[in-house]
Every structure is written in structure tokens, then in C-alpha cells.
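Shown below: coords.pdb, with PDB, N, CA and C atoms.
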```
MODEL        1
ATOM      1  N   MET A  23     124.348 118.231  42.439
ATOM      2  CA  MET A  23     124.942 119.344  43.159
ATOM      3  C   MET A  23     124.058 119.653  44.369
ATOM      4  N   PRO A  24     124.645 119.632  45.559
ATOM      5  CA  PRO A  24     123.834 119.880  46.758
ATOM      6  C   PRO A  24     123.321 121.317  46.824
ATOM      7  N   GLN A  25     122.193 121.462  47.483
ATOM      8  CA  GLN A  25     121.622 122.779  47.713
ATOM      9  C   GLN A  25     121.836 123.164  49.165
ATOM     10  N   ILE A  26     122.028 124.457  49.384
ATOM     11  CA  ILE A  26     122.093 124.990  50.736
ATOM     12  C   ILE A  26     120.916 125.939  50.899
ATOM     13  N   ILE A  27     120.134 125.685  51.919
ATOM     14  CA  ILE A  27     119.042 126.570  52.299
ATOM     15  C   ILE A  27     119.506 127.305  53.542
ATOM     16  N   VAL A  28     119.531 128.625  53.474
ATOM     17  CA  VAL A  28     119.897 129.448  54.619
ATOM     18  C   VAL A  28     118.615 130.027  55.180
ATOM     19  N   LEU A  29     118.351 129.738  56.435
ATOM     20  CA  LEU A  29     117.148 130.253  57.073
ATOM     21  C   LEU A  29     117.257 131.769  57.229
ATOM     22  N   PRO A  30     116.132 132.456  57.293
ATOM     23  CA  PRO A  30     116.180 133.918  57.404
ATOM     24  C   PRO A  30     117.023 134.387  58.590
ATOM     25  N   HIS A  31     117.812 135.414  58.335
ATOM     26  CA  HIS A  31     118.644 136.073  59.347
ATOM     27  C   HIS A  31     118.370 137.564  59.220
ATOM     28  N   GLU A  32     118.069 138.194  60.316
ATOM     29  CA  GLU A  32     117.621 139.593  60.322
ATOM     30  C   GLU A  32     118.520 140.525  59.513
ATOM     31  N   GLU A  33     119.832 140.371  59.615
ATOM     32  CA  GLU A  33     120.760 141.275  58.939
ATOM     33  C   GLU A  33     121.310 140.728  57.629
ATOM     34  N   LEU A  34     121.676 139.459  57.618
ATOM     35  CA  LEU A  34     122.433 138.913  56.487
ATOM     36  C   LEU A  34     121.573 138.453  55.317
ATOM     37  N   CYS A  35     120.414 137.917  55.594
ATOM     38  CA  CYS A  35     119.494 137.491  54.520
ATOM     39  C   CYS A  35     118.088 137.413  55.112
ATOM     40  N   PRO A  36     117.418 138.552  55.210
ATOM     41  CA  PRO A  36     116.120 138.620  55.885
ATOM     42  C   PRO A  36     115.064 137.646  55.361
ATOM     43  N   LYS A  37     115.123 137.287  54.095
ATOM     44  CA  LYS A  37     114.135 136.361  53.537
ATOM     45  C   LYS A  37     114.672 134.941  53.411
ATOM     46  N   GLY A  38     115.907 134.720  53.848
ATOM     47  CA  GLY A  38     116.535 133.430  53.632
ATOM     48  C   GLY A  38     117.023 133.345  52.197
ATOM     49  N   VAL A  39     117.714 132.283  51.885
ATOM     50  CA  VAL A  39     118.242 132.119  50.530
ATOM     51  C   VAL A  39     118.454 130.636  50.248
ATOM     52  N   LEU A  40     118.367 130.285  48.988
ATOM     53  CA  LEU A  40     118.588 128.916  48.515
ATOM     54  C   LEU A  40     119.545 128.991  47.339
ATOM     55  N   PHE A  41     120.577 128.149  47.353
ATOM     56  CA  PHE A  41     121.522 128.121  46.233
ATOM     57  C   PHE A  41     122.181 126.757  46.141
ATOM     58  N   ASN A  42     122.749 126.474  44.974
ATOM     59  CA  ASN A  42     123.529 125.254  44.765
ATOM     60  C   ASN A  42     124.962 125.511  45.167
ATOM     61  N   ALA A  43     125.621 124.480  45.660
ATOM     62  CA  ALA A  43     127.019 124.608  46.069
ATOM     63  C   ALA A  43     127.794 123.398  45.574
ATOM     64  N   ASP A  44     129.034 123.628  45.212
ATOM     65  CA  ASP A  44     129.898 122.531  44.795
ATOM     66  C   ASP A  44     130.348 121.734  46.008
ATOM     67  N   ALA A  45     130.347 120.422  45.889
ATOM     68  CA  ALA A  45     130.891 119.581  46.948
ATOM     69  C   ALA A  45     132.361 119.926  47.129
ATOM     70  N   GLY A  46     132.805 119.947  48.387
ATOM     71  CA  GLY A  46     134.196 120.237  48.697
ATOM     72  C   GLY A  46     134.470 121.670  49.084
ATOM     73  N   ILE A  47     133.521 122.569  48.833
ATOM     74  CA  ILE A  47     133.691 123.965  49.222
ATOM     75  C   ILE A  47     133.262 124.113  50.681
ATOM     76  N   SER A  48     133.880 125.043  51.395
ATOM     77  CA  SER A  48     133.437 125.277  52.769
ATOM     78  C   SER A  48     132.078 125.970  52.747
ATOM     79  N   ILE A  49     131.312 125.743  53.768
ATOM     80  CA  ILE A  49     130.019 126.411  53.871
ATOM     81  C   ILE A  49     130.228 127.919  53.895
ATOM     82  N   CYS A  50     131.264 128.390  54.564
ATOM     83  CA  CYS A  50     131.566 129.826  54.615
ATOM     84  C   CYS A  50     131.786 130.373  53.210
ATOM     85  N   ASP A  51     132.622 129.726  52.419
ATOM     86  CA  ASP A  51     132.875 130.205  51.063
ATOM     87  C   ASP A  51     131.614 130.154  50.208
ATOM     88  N   ALA A  52     130.821 129.113  50.372
ATOM     89  CA  ALA A  52     129.574 129.010  49.613
ATOM     90  C   ALA A  52     128.639 130.161  49.969
ATOM     91  N   LEU A  53     128.537 130.481  51.259
ATOM     92  CA  LEU A  53     127.700 131.603  51.674
ATOM     93  C   LEU A  53     128.199 132.901  51.066
ATOM     94  N   LEU A  54     129.494 133.155  51.180
ATOM     95  CA  LEU A  54     130.069 134.398  50.659
ATOM     96  C   LEU A  54     129.881 134.512  49.151
ATOM     97  N   GLN A  55     130.061 133.415  48.421
ATOM     98  CA  GLN A  55     129.907 133.430  46.964
ATOM     99  C   GLN A  55     128.470 133.701  46.532
ATOM    100  N   ASN A  56     127.537 133.475  47.458
ATOM    101  CA  ASN A  56     126.126 133.648  47.119
ATOM    102  C   ASN A  56     125.486 134.825  47.853
ATOM    103  N   GLY A  57     126.317 135.789  48.216
ATOM    104  CA  GLY A  57     125.811 137.050  48.740
ATOM    105  C   GLY A  57     125.435 137.078  50.200
ATOM    106  N   VAL A  58     125.745 136.029  50.948
ATOM    107  CA  VAL A  58     125.471 136.017  52.383
ATOM    108  C   VAL A  58     126.782 136.375  53.080
ATOM    109  N   GLU A  59     126.874 137.600  53.555
ATOM    110  CA  GLU A  59     128.123 138.135  54.095
ATOM    111  C   GLU A  59     128.333 137.711  55.544
ATOM    112  N   ILE A  60     128.522 136.405  55.744
ATOM    113  CA  ILE A  60     128.777 135.882  57.081
ATOM    114  C   ILE A  60     130.117 136.409  57.573
ATOM    115  N   GLU A  61     130.154 136.732  58.842
ATOM    116  CA  GLU A  61     131.388 137.235  59.437
ATOM    117  C   GLU A  61     132.425 136.109  59.482
ATOM    118  N   HIS A  62     133.667 136.452  59.263
ATOM    119  CA  HIS A  62     134.779 135.487  59.327
ATOM    120  C   HIS A  62     136.042 136.258  59.697
ATOM    121  N   ALA A  63     136.084 136.671  60.966
ATOM    122  CA  ALA A  63     137.113 137.593  61.445
ATOM    123  C   ALA A  63     138.532 137.043  61.318
ATOM    124  N   CYS A  64     138.710 135.741  61.378
ATOM    125  CA  CYS A  64     140.064 135.162  61.304
ATOM    126  C   CYS A  64     140.440 134.798  59.876
ATOM    127  N   GLU A  65     139.651 135.260  58.928
ATOM    128  CA  GLU A  65     139.898 134.958  57.501
ATOM    129  C   GLU A  65     139.906 133.458  57.221
ATOM    130  N   LYS A  66     139.001 132.743  57.904
ATOM    131  CA  LYS A  66     138.761 131.311  57.647
ATOM    132  C   LYS A  66     139.932 130.411  58.049
ATOM    133  N   SER A  67     140.643 130.789  59.121
ATOM    134  CA  SER A  67     141.797 130.000  59.555
ATOM    135  C   SER A  67     141.519 129.172  60.806
ATOM    136  N   CYS A  68     140.269 129.044  61.182
ATOM    137  CA  CYS A  68     139.863 128.276  62.366
ATOM    138  C   CYS A  68     140.509 128.844  63.630
ATOM    139  N   ALA A  69     140.401 130.169  63.788
ATOM    140  CA  ALA A  69     140.983 130.822  64.949
ATOM    141  C   ALA A  69     139.968 131.663  65.725
ATOM    142  N   CYS A  70     138.720 131.671  65.287
ATOM    143  CA  CYS A  70     137.679 132.428  66.003
ATOM    144  C   CYS A  70     136.374 131.645  65.845
ATOM    145  N   THR A  71     135.291 132.229  66.249
ATOM    146  CA  THR A  71     133.995 131.543  66.094
ATOM    147  C   THR A  71     132.978 132.408  65.371
ATOM    148  N   THR A  72     133.433 133.434  64.672
ATOM    149  CA  THR A  72     132.485 134.374  64.080
ATOM    150  C   THR A  72     131.707 133.788  62.905
ATOM    151  N   CYS A  73     132.164 132.690  62.335
ATOM    152  CA  CYS A  73     131.441 132.068  61.220
ATOM    153  C   CYS A  73     130.591 130.878  61.687
ATOM    154  N   HIS A  74     130.316 130.834  62.974
ATOM    155  CA  HIS A  74     129.515 129.759  63.569
ATOM    156  C   HIS A  74     128.142 129.659  62.894
ATOM    157  N   VAL A  75     127.771 128.454  62.522
ATOM    158  CA  VAL A  75     126.438 128.179  61.980
ATOM    159  C   VAL A  75     125.863 126.955  62.681
ATOM    160  N   ILE A  76     124.569 126.812  62.569
ATOM    161  CA  ILE A  76     123.875 125.636  63.091
ATOM    162  C   ILE A  76     123.317 124.887  61.902
ATOM    163  N   ILE A  77     123.685 123.628  61.789
ATOM    164  CA  ILE A  77     123.233 122.805  60.671
ATOM    165  C   ILE A  77     121.915 122.146  61.089
ATOM    166  N   ARG A  78     120.817 122.634  60.542
ATOM    167  CA  ARG A  78     119.490 122.125  60.908
ATOM    168  C   ARG A  78     119.155 120.830  60.173
ATOM    169  N   GLU A  79     119.680 120.644  58.968
ATOM    170  CA  GLU A  79     119.487 119.396  58.222
ATOM    171  C   GLU A  79     120.758 119.112  57.429
ATOM    172  N   GLY A  80     121.153 117.843  57.397
ATOM    173  CA  GLY A  80     122.305 117.432  56.607
ATOM    174  C   GLY A  80     123.603 117.305  57.382
ATOM    175  N   LEU A  81     123.563 117.451  58.696
ATOM    176  CA  LEU A  81     124.781 117.395  59.504
ATOM    177  C   LEU A  81     125.552 116.096  59.298
ATOM    178  N   ASN A  82     124.847 114.996  59.187
ATOM    179  CA  ASN A  82     125.522 113.694  59.062
ATOM    180  C   ASN A  82     126.289 113.539  57.755
ATOM    181  N   SER A  83     126.030 114.396  56.777
ATOM    182  CA  SER A  83     126.769 114.312  55.518
ATOM    183  C   SER A  83     128.148 114.976  55.619
ATOM    184  N   LEU A  84     128.352 115.780  56.658
ATOM    185  CA  LEU A  84     129.606 116.504  56.822
ATOM    186  C   LEU A  84     130.641 115.648  57.536
ATOM    187  N   VAL A  85     131.903 115.837  57.180
ATOM    188  CA  VAL A  85     132.986 115.183  57.911
ATOM    189  C   VAL A  85     132.953 115.730  59.333
ATOM    190  N   PRO A  86     133.094 114.877  60.337
ATOM    191  CA  PRO A  86     133.041 115.368  61.722
ATOM    192  C   PRO A  86     134.095 116.440  61.990
ATOM    193  N   ALA A  87     133.772 117.322  62.924
ATOM    194  CA  ALA A  87     134.686 118.403  63.304
ATOM    195  C   ALA A  87     135.949 117.825  63.928
ATOM    196  N   GLU A  88     137.061 118.501  63.664
ATOM    197  CA  GLU A  88     138.314 118.119  64.307
ATOM    198  C   GLU A  88     138.381 118.765  65.686
ATOM    199  N   GLU A  89     139.352 118.359  66.481
ATOM    200  CA  GLU A  89     139.457 118.801  67.864
ATOM    201  C   GLU A  89     139.575 120.325  68.001
ATOM    202  N   LEU A  90     140.353 120.970  67.138
ATOM    203  CA  LEU A  90     140.503 122.426  67.222
ATOM    204  C   LEU A  90     139.166 123.126  67.010
ATOM    205  N   GLU A  91     138.409 122.665  66.021
ATOM    206  CA  GLU A  91     137.089 123.264  65.780
ATOM    207  C   GLU A  91     136.186 123.063  66.986
ATOM    208  N   ASP A  92     136.175 121.860  67.530
ATOM    209  CA  ASP A  92     135.347 121.590  68.717
ATOM    210  C   ASP A  92     135.733 122.489  69.885
ATOM    211  N   ASP A  93     137.038 122.670  70.079
ATOM    212  CA  ASP A  93     137.500 123.528  71.178
ATOM    213  C   ASP A  93     137.035 124.966  70.987
ATOM    214  N   LEU A  94     137.119 125.471  69.764
ATOM    215  CA  LEU A  94     136.677 126.839  69.488
ATOM    216  C   LEU A  94     135.165 126.979  69.626
ATOM    217  N   LEU A  95     134.448 125.973  69.178
ATOM    218  CA  LEU A  95     132.982 126.049  69.254
ATOM    219  C   LEU A  95     132.496 126.224  70.687
ATOM    220  N   ASP A  96     133.262 125.732  71.656
ATOM    221  CA  ASP A  96     132.874 125.912  73.058
ATOM    222  C   ASP A  96     132.741 127.383  73.427
ATOM    223  N   LYS A  97     133.363 128.272  72.653
ATOM    224  CA  LYS A  97     133.322 129.709  72.917
ATOM    225  C   LYS A  97     132.237 130.427  72.106
ATOM    226  N   ALA A  98     131.574 129.719  71.235
ATOM    227  CA  ALA A  98     130.589 130.342  70.344
ATOM    228  C   ALA A  98     129.301 130.689  71.080
ATOM    229  N   TRP A  99     128.706 131.825  70.688
ATOM    230  CA  TRP A  99     127.418 132.219  71.234
ATOM    231  C   TRP A  99     126.343 131.312  70.645
ATOM    232  N   GLY A 100     125.449 130.802  71.481
ATOM    233  CA  GLY A 100     124.324 130.006  70.997
ATOM    234  C   GLY A 100     124.705 128.614  70.546
ATOM    235  N   LEU A 101     125.754 128.048  71.123
ATOM    236  CA  LEU A 101     126.230 126.720  70.745
ATOM    237  C   LEU A 101     125.128 125.671  70.892
ATOM    238  N   GLU A 102     125.015 124.818  69.888
ATOM    239  CA  GLU A 102     124.084 123.687  69.907
ATOM    240  C   GLU A 102     124.837 122.433  69.486
ATOM    241  N   PRO A 103     124.291 121.255  69.733
ATOM    242  CA  PRO A 103     124.990 120.019  69.336
ATOM    243  C   PRO A 103     125.290 119.939  67.839
ATOM    244  N   ASN A 104     124.519 120.618  67.016
ATOM    245  CA  ASN A 104     124.724 120.571  65.570
ATOM    246  C   ASN A 104     125.386 121.855  65.052
ATOM    247  N   SER A 105     126.168 122.511  65.913
ATOM    248  CA  SER A 105     126.916 123.707  65.519
ATOM    249  C   SER A 105     128.196 123.310  64.805
ATOM    250  N   ARG A 106     128.598 124.142  63.854
ATOM    251  CA  ARG A 106     129.874 123.982  63.143
ATOM    252  C   ARG A 106     130.437 125.358  62.842
ATOM    253  N   LEU A 107     131.741 125.413  62.636
ATOM    254  CA  LEU A 107     132.361 126.604  62.082
ATOM    255  C   LEU A 107     132.243 126.471  60.575
ATOM    256  N   SER A 108     131.613 127.430  59.941
ATOM    257  CA  SER A 108     131.350 127.293  58.505
ATOM    258  C   SER A 108     132.627 127.311  57.680
ATOM    259  N   CYS A 109     133.721 127.844  58.224
ATOM    260  CA  CYS A 109     134.982 127.840  57.487
ATOM    261  C   CYS A 109     135.632 126.461  57.465
ATOM    262  N   GLN A 110     135.203 125.581  58.357
ATOM    263  CA  GLN A 110     135.807 124.255  58.463
ATOM    264  C   GLN A 110     134.911 123.147  57.907
ATOM    265  N   ALA A 111     133.617 123.377  57.869
ATOM    266  CA  ALA A 111     132.661 122.367  57.398
ATOM    267  C   ALA A 111     132.569 122.414  55.877
ATOM    268  N   LEU A 112     132.929 121.314  55.240
ATOM    269  CA  LEU A 112     132.906 121.245  53.776
ATOM    270  C   LEU A 112     131.617 120.606  53.288
ATOM    271  N   VAL A 113     131.030 121.212  52.284
ATOM    272  CA  VAL A 113     129.805 120.681  51.678
ATOM    273  C   VAL A 113     130.121 119.304  51.103
ATOM    274  N   ALA A 114     129.243 118.349  51.361
ATOM    275  CA  ALA A 114     129.411 116.998  50.821
ATOM    276  C   ALA A 114     128.400 116.810  49.692
ATOM    277  N   ASP A 115     127.695 115.692  49.693
ATOM    278  CA  ASP A 115     126.776 115.398  48.592
ATOM    279  C   ASP A 115     125.305 115.564  48.974
ATOM    280  N   ALA A 116     125.041 116.002  50.203
ATOM    281  CA  ALA A 116     123.650 116.139  50.656
ATOM    282  C   ALA A 116     123.272 117.606  50.782
ATOM    283  N   ASP A 117     121.988 117.874  50.636
ATOM    284  CA  ASP A 117     121.475 119.225  50.845
ATOM    285  C   ASP A 117     121.642 119.596  52.312
ATOM    286  N   LEU A 118     121.791 120.890  52.578
ATOM    287  CA  LEU A 118     121.965 121.391  53.932
ATOM    288  C   LEU A 118     120.956 122.488  54.214
ATOM    289  N   VAL A 119     120.486 122.527  55.439
ATOM    290  CA  VAL A 119     119.705 123.649  55.941
ATOM    291  C   VAL A 119     120.551 124.275  57.037
ATOM    292  N   VAL A 120     120.872 125.559  56.850
ATOM    293  CA  VAL A 120     121.815 126.255  57.716
ATOM    294  C   VAL A 120     121.130 127.444  58.382
ATOM    295  N   GLU A 121     121.376 127.583  59.665
ATOM    296  CA  GLU A 121     120.914 128.753  60.408
ATOM    297  C   GLU A 121     122.141 129.521  60.882
ATOM    298  N   ILE A 122     122.147 130.814  60.658
ATOM    299  CA  ILE A 122     123.220 131.678  61.153
ATOM    300  C   ILE A 122     122.716 132.297  62.451
ATOM    301  N   PRO A 123     123.425 132.077  63.563
ATOM    302  CA  PRO A 123     122.960 132.655  64.831
ATOM    303  C   PRO A 123     122.867 134.177  64.760
ATOM    304  N   LYS A 124     122.004 134.717  65.586
ATOM    305  CA  LYS A 124     121.780 136.159  65.590
ATOM    306  C   LYS A 124     123.022 136.925  66.024
ATOM    307  N   TYR A 125     123.793 136.368  66.930
ATOM    308  CA  TYR A 125     124.962 137.051  67.472
ATOM    309  C   TYR A 125     126.217 136.232  67.240
ATOM    310  N   THR A 126     127.356 136.924  67.269
ATOM    311  CA  THR A 126     128.663 136.252  67.237
ATOM    312  C   THR A 126     129.433 136.697  68.475
ATOM    313  N   ILE A 127     130.599 136.117  68.634
ATOM    314  CA  ILE A 127     131.457 136.482  69.762
ATOM    315  C   ILE A 127     131.917 137.941  69.651
ATOM    316  N   ASN A 128     131.948 138.482  68.442
ATOM    317  CA  ASN A 128     132.300 139.890  68.239
ATOM    318  C   ASN A 128     131.080 140.749  68.494
ATOM    319  N   MET A 129     131.179 141.671  69.421
ATOM    320  CA  MET A 129     130.046 142.537  69.716
ATOM    321  C   MET A 129     129.987 143.727  68.753
ATOM    322  N   VAL A 130     131.117 144.052  68.142
ATOM    323  CA  VAL A 130     131.184 145.192  67.236
ATOM    324  C   VAL A 130     131.833 144.736  65.947
ATOM    325  N   LYS A 131     131.275 145.146  64.820
ATOM    326  CA  LYS A 131     131.844 144.822  63.513
ATOM    327  C   LYS A 131     132.301 146.096  62.841
ATOM    328  N   GLU A 132     133.369 145.972  62.081
ATOM    329  CA  GLU A 132     133.817 147.110  61.284
ATOM    330  C   GLU A 132     132.985 147.181  60.016
ATOM    331  N   GLY A 133     132.844 148.392  59.469
ATOM    332  CA  GLY A 133     132.123 148.540  58.202
ATOM    333  C   GLY A 133     130.697 148.564  58.445
TER     334      GLY A 133
ENDMDL
END
```

Before anything else, please render the file you have as C-alpha cells.
Amino acid sequence: MPQIIVLPHEELCPKGVLFNADAGISICDALLQNGVEIEHACEKSCACTTCHVIIREGLNSLVPAEELEDDLLDKAWGLEPNSRLSCQALVADADLVVEIPKYTINMVKEG
């Protein structure tokens, strides 16, 4: 079972977190199931960029992004070559190191 290491994020997980994830689950769902309340304004329908993450290790284990995801990522804050939308990237068989950017395209969050 692959492990996901989430690097520290000031608001969502100040100390970082490590957990096991089932292969085939989206990174977004894995984060949410393990207490990391990543924003997902479009309810995981690949229509925004609020669940943008940077895959620091394990990117090659993921199925490549489809064209719609790539197009949306162009609008993401802090885009890097190893950026993915966590709602679209499915955990495979390798461990992942994930960084959640400090900001999202949404400047204001509800709640």
C-alpha cells in the first residue's frame, strides 16, 4: 500500500502528515480521508484549480494528466512542471511526496 507524505502547510497540516492510501483513489480523496482539508471548490469535477498540488516525489507513477487538467493547471497559482490537480491524479503503486501550495485561485474561502 503506497504512502503519501504531505509536506507541512501553514493552515492545513502545520507539521505535515504521513498516511497509507489505497491505489486507485484520487490524491484529493486520500487527503480528505486523512484529515487534510484541501480545498476542492468544484467538488472534484476538474472545473477549477483549488485542489492543485505539487508532486515532489513519485510523479512518474501517476497516469499523465489529460488535456482538460493541463488546461486548468495553466490557471493555478504557483504552477510547476510537477503540478497536478489532486482530484484527477490517482494514487498508483509508488509512495508520493505532496506539497500543497500556500495559495489557491480562490482568494476567499467560506467557513

Can you list, as a PyMOL selection string, the residues that the PyMOL selection byres (((chain A and resi 117 and name CA) around 7) and name CA) selects here?
chain A and resi 24-26+80+115-116+118-119

Care to translate the PyMOL selection byres ((chain A and resi 46-49) around 6) into actual residues of this file, as a VMD selection string?
chain A and resid 44 to 45 50 to 54 108 to 114

Write out as JSON an axis-aligned box for stretch 81-89 of chain A: all of its atoms listed in the file, 4 Å added on each side, centre and edge lengths in Å with one decimal.
```
{"center_x": 131.6, "center_y": 116.9, "center_z": 61.8, "size_x": 24.0, "size_y": 14.8, "size_z": 20.5}
```

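Minimum distance to A:Tyr125 across A:Thr72, A:Met23, A:Leu94, A:Gln55 (counting only N, CA and C atoms) occurs at A:Thr72.
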
Selection result for the PyMOL selection byres ((chain A and resi 99) around 8) on this file, as an MDAnalysis selection string
chainID A and resid 71:72 74 95:98 100:102 123:128

Which residue gives the smallest distance to A:Ile77 among A:Ala43, A:Leu34, A:Val120, A:Ala63, with only N, CA and C atoms counted?
A:Val120

Could you give me the residues within stretch 35-133 of chain A that DSSP places in alpha helix (DSSP H), as a VMD selection string?
chain A and resid 49 to 55 89 to 95

Would you put the residues from that selection into a file with N, CA and C atoms, as an mmCIF file, in the coordinates of the input?
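Below you can see out_5.cif, which holds the result:
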```cif
data_model
loop_
_atom_site.group_PDB
_atom_site.id
_atom_site.type_symbol
_atom_site.label_atom_id
_atom_site.label_comp_id
_atom_site.auth_asym_id
_atom_site.auth_seq_id
_atom_site.Cartn_x
_atom_site.Cartn_y
_atom_site.Cartn_z
ATOM 1 N N ILE A 49 131.312 125.743 53.768
ATOM 2 C CA ILE A 49 130.019 126.411 53.871
ATOM 3 C C ILE A 49 130.228 127.919 53.895
ATOM 4 N N CYS A 50 131.264 128.390 54.564
ATOM 5 C CA CYS A 50 131.566 129.826 54.615
ATOM 6 C C CYS A 50 131.786 130.373 53.210
ATOM 7 N N ASP A 51 132.622 129.726 52.419
ATOM 8 C CA ASP A 51 132.875 130.205 51.063
ATOM 9 C C ASP A 51 131.614 130.154 50.208
ATOM 10 N N ALA A 52 130.821 129.113 50.372
ATOM 11 C CA ALA A 52 129.574 129.010 49.613
ATOM 12 C C ALA A 52 128.639 130.161 49.969
ATOM 13 N N LEU A 53 128.537 130.481 51.259
ATOM 14 C CA LEU A 53 127.700 131.603 51.674
ATOM 15 C C LEU A 53 128.199 132.901 51.066
ATOM 16 N N LEU A 54 129.494 133.155 51.180
ATOM 17 C CA LEU A 54 130.069 134.398 50.659
ATOM 18 C C LEU A 54 129.881 134.512 49.151
ATOM 19 N N GLN A 55 130.061 133.415 48.421
ATOM 20 C CA GLN A 55 129.907 133.430 46.964
ATOM 21 C C GLN A 55 128.470 133.701 46.532
ATOM 22 N N GLU A 89 139.352 118.359 66.481
ATOM 23 C CA GLU A 89 139.457 118.801 67.864
ATOM 24 C C GLU A 89 139.575 120.325 68.001
ATOM 25 N N LEU A 90 140.353 120.970 67.138
ATOM 26 C CA LEU A 90 140.503 122.426 67.222
ATOM 27 C C LEU A 90 139.166 123.126 67.010
ATOM 28 N N GLU A 91 138.409 122.665 66.021
ATOM 29 C CA GLU A 91 137.089 123.264 65.780
ATOM 30 C C GLU A 91 136.186 123.063 66.986
ATOM 31 N N ASP A 92 136.175 121.860 67.530
ATOM 32 C CA ASP A 92 135.347 121.590 68.717
ATOM 33 C C ASP A 92 135.733 122.489 69.885
ATOM 34 N N ASP A 93 137.038 122.670 70.079
ATOM 35 C CA ASP A 93 137.500 123.528 71.178
ATOM 36 C C ASP A 93 137.035 124.966 70.987
ATOM 37 N N LEU A 94 137.119 125.471 69.764
ATOM 38 C CA LEU A 94 136.677 126.839 69.488
ATOM 39 C C LEU A 94 135.165 126.979 69.626
ATOM 40 N N LEU A 95 134.448 125.973 69.178
ATOM 41 C CA LEU A 95 132.982 126.049 69.254
ATOM 42 C C LEU A 95 132.496 126.224 70.687
#
```

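Across the model, the gap from atom N of A:Ile27 to atom CA of A:Pro86 is 19.2 Å.
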
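Restricting the calculation to only N, CA and C atoms, the smallest distance between A:Val75 and any of A:Lys37, A:His31, A:His62, A:Arg106 is found for A:Arg106.
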
Interatomic distance (Å, one decimal) between atom CA of A:Cys64 and atom CA of A:Gly38
24.8 Å

Measure the distance from atom CA of A:Ser83 to atom CA of A:Val28 in Å and round it to one decimal.
16.6 Å
